[in-house]
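The structure under discussion appears below in the form of C-alpha cells.
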Amino acid sequence: METTYDVKVYKILTYKGARKTTYTVRWVVAGKAWREPFATVSLAEGFRSELIRATGKGEAFVIATGLPVSHRSKSASMSWYAFAVEYVDARWTQLGGNSRKNTAKTLTAVTIALLRAQPTQFAPVAVRTALREWAFNATRRADAPRDVVAILRWVERNSLPVSVWEEAEKVDEILRPVDTRLDGKQAAAWSRKRHRRILNVVMKHAIRRRVLRTNPLPKGKESTAVAKTSNAVDKRSLMNADQAAALLDWIRCRPRRGQRLHAFFATLYYCALRPEEAVAMRVQDVTLPGPDAGASGASC
C-alpha cells in the first residue's frame with residue numbers, strides 16, 4: 001500500500017443544476033486530483049472536515065484511493081467472504097427465490113476471483129457448489145456437511161479483504177472472470193447485466209455499512225460494454241403446428257404415463273399456460289373443443 005503526505009484540500013465546489021444542486025469536495029493527493037460529489041452541503045462539509053482533520057493529525061493518504069489510511073481500516077480488516085456472507089444474511093428475507101439464487105451465483109463468481117490462491121486440493125465444481133448452495137444460503141449454511149465445511153473454512157482463510165475493491169486496477173481483474181463462462185468464453189449479455197446489477201446492490205450495502213466509501217464499479221458506458229439485448233422471441237426457434245402435433249403424438253404413445261403427459265403438454269402448447277396453471281386446472285374450468293377441432297388423432 002503506497003502512501004503519501006502530499007495532500008491539498010480545496011473549497012467545496014457548488015453546482016446548481018436544473019433539477020438539483022451538487023456539492024463537490026475536491027482534493028489532490030500526490031499530484032492526482034480527486035472529486036467526491038454530495039447531495040447536501042452538510043455531507044460535503046463533513047467529508048471535507050474528515051480530510052482536513054486527517055492532514056492535521058499528520059495521517060498518510062493512500063495514493064490508490066486518495067483517502068486517509070484510517071478510512072481503509074474497516075475494509076482492510078474484513079475479508080470479502082465474511083462480508084458476502086453478512087450481506088446474504090442481511091438481505092435473505094427481502095429476496096425471492098430467484099433473486100436469492102442469482103445473488104448466490106454472482107457472489108460465488110466474485111468470491112472465487114478474490115482468493116489469494118486457487119484451491120488446488122478441492123475440485124473446482126466442489127468449491128462452486130459449496131459457495132453457491134451452502135455459504136450463500138442463509139437457511140442451509142449451518143447444516144453444511146463436513147466436506148463443505150472444510151472447503152468454506154479454506155475459502156475464509158484465503159479470501160482477500162474488501163479493500164481490494166478500492167484499487168482501481170484490481171476491479172477489472174475481479175470483473176473479468178465474473179463476465180466469463182467456465183469454458184473461458186464471454187458470458188451472454190443478459191448474464192453480465194444481471195451480475196453487474198446484483199454487484200451494484202452489494203456495493204450500496206457496503207457503503208451503508210461504511211465498509212466502502214464509494215461504489216468501485218465502473219459507471220456509464222464503461223460499466224459493462226454489453227451489447228443490447230431484446231426480449232422478442234425469434235420465431236425461427238419455435239415449433240410449427242405440425243412439429244408440435246408430431247411431438248405430442250410421440251409423448252402420448254409413451255408407456256405408463258404417456259396419456260397424462262400428452263394432456264399436460266398439449267395444454268401448455270395450445271392454451272399457453274404456465275406448468276403450475278395446467279396442473280391446477282380442472283375439467284369444470286374449461287370448455288373442450290370437439291373431436292374434429294384440429295387435435296392430432298394419429299394412432300400409436
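Identifiers in this document derive from the order of the C-alpha cells: chains are assigned A, B, ..., residues are numbered from 1 separately in each chain, and ligands are numbered from 1 in order of occurrence.
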
* Which residues come within 10 Å of Met78 in chain A, counting only C-alpha atoms, excluding same-chain residues fewer than 6 positions away, as a PyMOL selection string? -> chain A and resi 159-163+211

* **Residue neighbourhood Lys57 in chain A, 12 Å, only C-alpha atoms, exclusion window fewer than 3 positions, as a PyMOL selection string** => chain A and resi 5+50-54+60-61+68-70

* CA of Glu173 in chain A and CA of Ala138 in chain A, how far apart in Å? -> 28.4 Å

* Structure fact -> Judged by only C-alpha atoms, the minimum distance to Arg48 in chain A among A:Ala280, A:Val9, A:Ser79, A:Asn215 is found for A:Val9

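Residue nearest Ala113 in chain A within the list A:Ala135, A:Asp172, A:Thr65, A:Ala142: A:Asp172 [criterion: smallest interatomic distance, only C-alpha atoms].
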
* Test item: residues at most 12 Å from range 146-149 of chain A, only C-alpha atoms, excluding those fewer than 5 positions along its chain, as a list in words -> Gln121, Phe122, Ala123, Val125, Ala126, Val127, Arg128, Thr129, Ala130, Leu131, Arg132, Glu133, Trp134, Ala135, Arg140, Arg141, Trp154, Val155 and Glu156 of chain A

Since we have the selection now, will you write its residues out, keeping C-alpha atoms, as a PDB file, in the first residue's frame?
ATOM      1  CA  GLN A 121      -6.771 -29.517  -3.086  1.00  0.00           C
ATOM      2  CA  PHE A 122     -10.504 -29.258  -3.908  1.00  0.00           C
ATOM      3  CA  ALA A 123     -12.311 -29.886  -7.170  1.00  0.00           C
ATOM      4  CA  VAL A 125     -17.033 -27.794  -9.022  1.00  0.00           C
ATOM      5  CA  ALA A 126     -16.985 -28.689  -5.302  1.00  0.00           C
ATOM      6  CA  VAL A 127     -15.832 -25.170  -4.390  1.00  0.00           C
ATOM      7  CA  ARG A 128     -18.501 -23.522  -6.521  1.00  0.00           C
ATOM      8  CA  THR A 129     -21.180 -25.814  -5.095  1.00  0.00           C
ATOM      9  CA  ALA A 130     -20.068 -25.193  -1.506  1.00  0.00           C
ATOM     10  CA  LEU A 131     -20.294 -21.430  -2.003  1.00  0.00           C
ATOM     11  CA  ARG A 132     -23.459 -21.317  -4.098  1.00  0.00           C
ATOM     12  CA  GLU A 133     -25.528 -23.948  -2.286  1.00  0.00           C
ATOM     13  CA  TRP A 134     -24.270 -23.610   1.295  1.00  0.00           C
ATOM     14  CA  ALA A 135     -22.243 -20.467   2.114  1.00  0.00           C
ATOM     15  CA  ARG A 140     -28.658 -24.266   4.813  1.00  0.00           C
ATOM     16  CA  ARG A 141     -25.268 -22.911   5.916  1.00  0.00           C
ATOM     17  CA  TRP A 154     -10.268 -22.723   3.412  1.00  0.00           C
ATOM     18  CA  VAL A 155     -12.079 -20.023   1.415  1.00  0.00           C
ATOM     19  CA  GLU A 156     -12.495 -17.899   4.537  1.00  0.00           C
TER      20      GLU A 156
END

* Nearest candidate to Val88 in chain A (options A:His205, A:Lys170, A:His195, A:Lys20; using only C-alpha atoms) ->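 Between A:His205, A:Lys170, A:His195, A:Lys20, the residue approaching Val88 in chain A most closely is A:His205.
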
* Near Ala188 in chain A, within 9 Å and counting only C-alpha atoms, which residues show up once chain neighbours fewer than 4 positions away are dropped, as a list in words? ->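 With the cut-off at 9 Å, the set is Asp179, Thr180, Arg181, Arg192, Lys193 and Val226 of chain A.
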
* To do: Name the residues in contact with Ser42 in chain A at a cut-off of 12 Å, using only C-alpha atoms, excluding same-chain residues fewer than 6 positions from it; report them as a ChimeraX atom specification.
  => /A:12,22-25,48-49

* A:Thr139, A:Thr106, A:Gln243, A:Gln259: which is nearest Asn200 in chain A, counting only C-alpha atoms? ->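 Counting only C-alpha atoms, the residue closest to Asn200 in chain A is A:Thr106.
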
* Picked from range 70-277 of chain A by DSSP as strand (DSSP E or B), as a PyMOL selection string -> chain A and resi 79+115+159+161+180+186

* Asked: DSSP says alpha helix (DSSP H) for which residues of range 56-266 of chain A? Put them as a PyMOL selection string?
  -> chain A and resi 56+73-77+80-91+97-113+124-129+146-158+168-178+189-208+241-252+258-266

* To do: State, in Å with one decimal place, the distance from CA of Arg213 in chain A to CA of Glu169 in chain A.
  =>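 Answer for the CA of Arg213 in chain A to CA of Glu169 in chain A separation: 17.2 Å.
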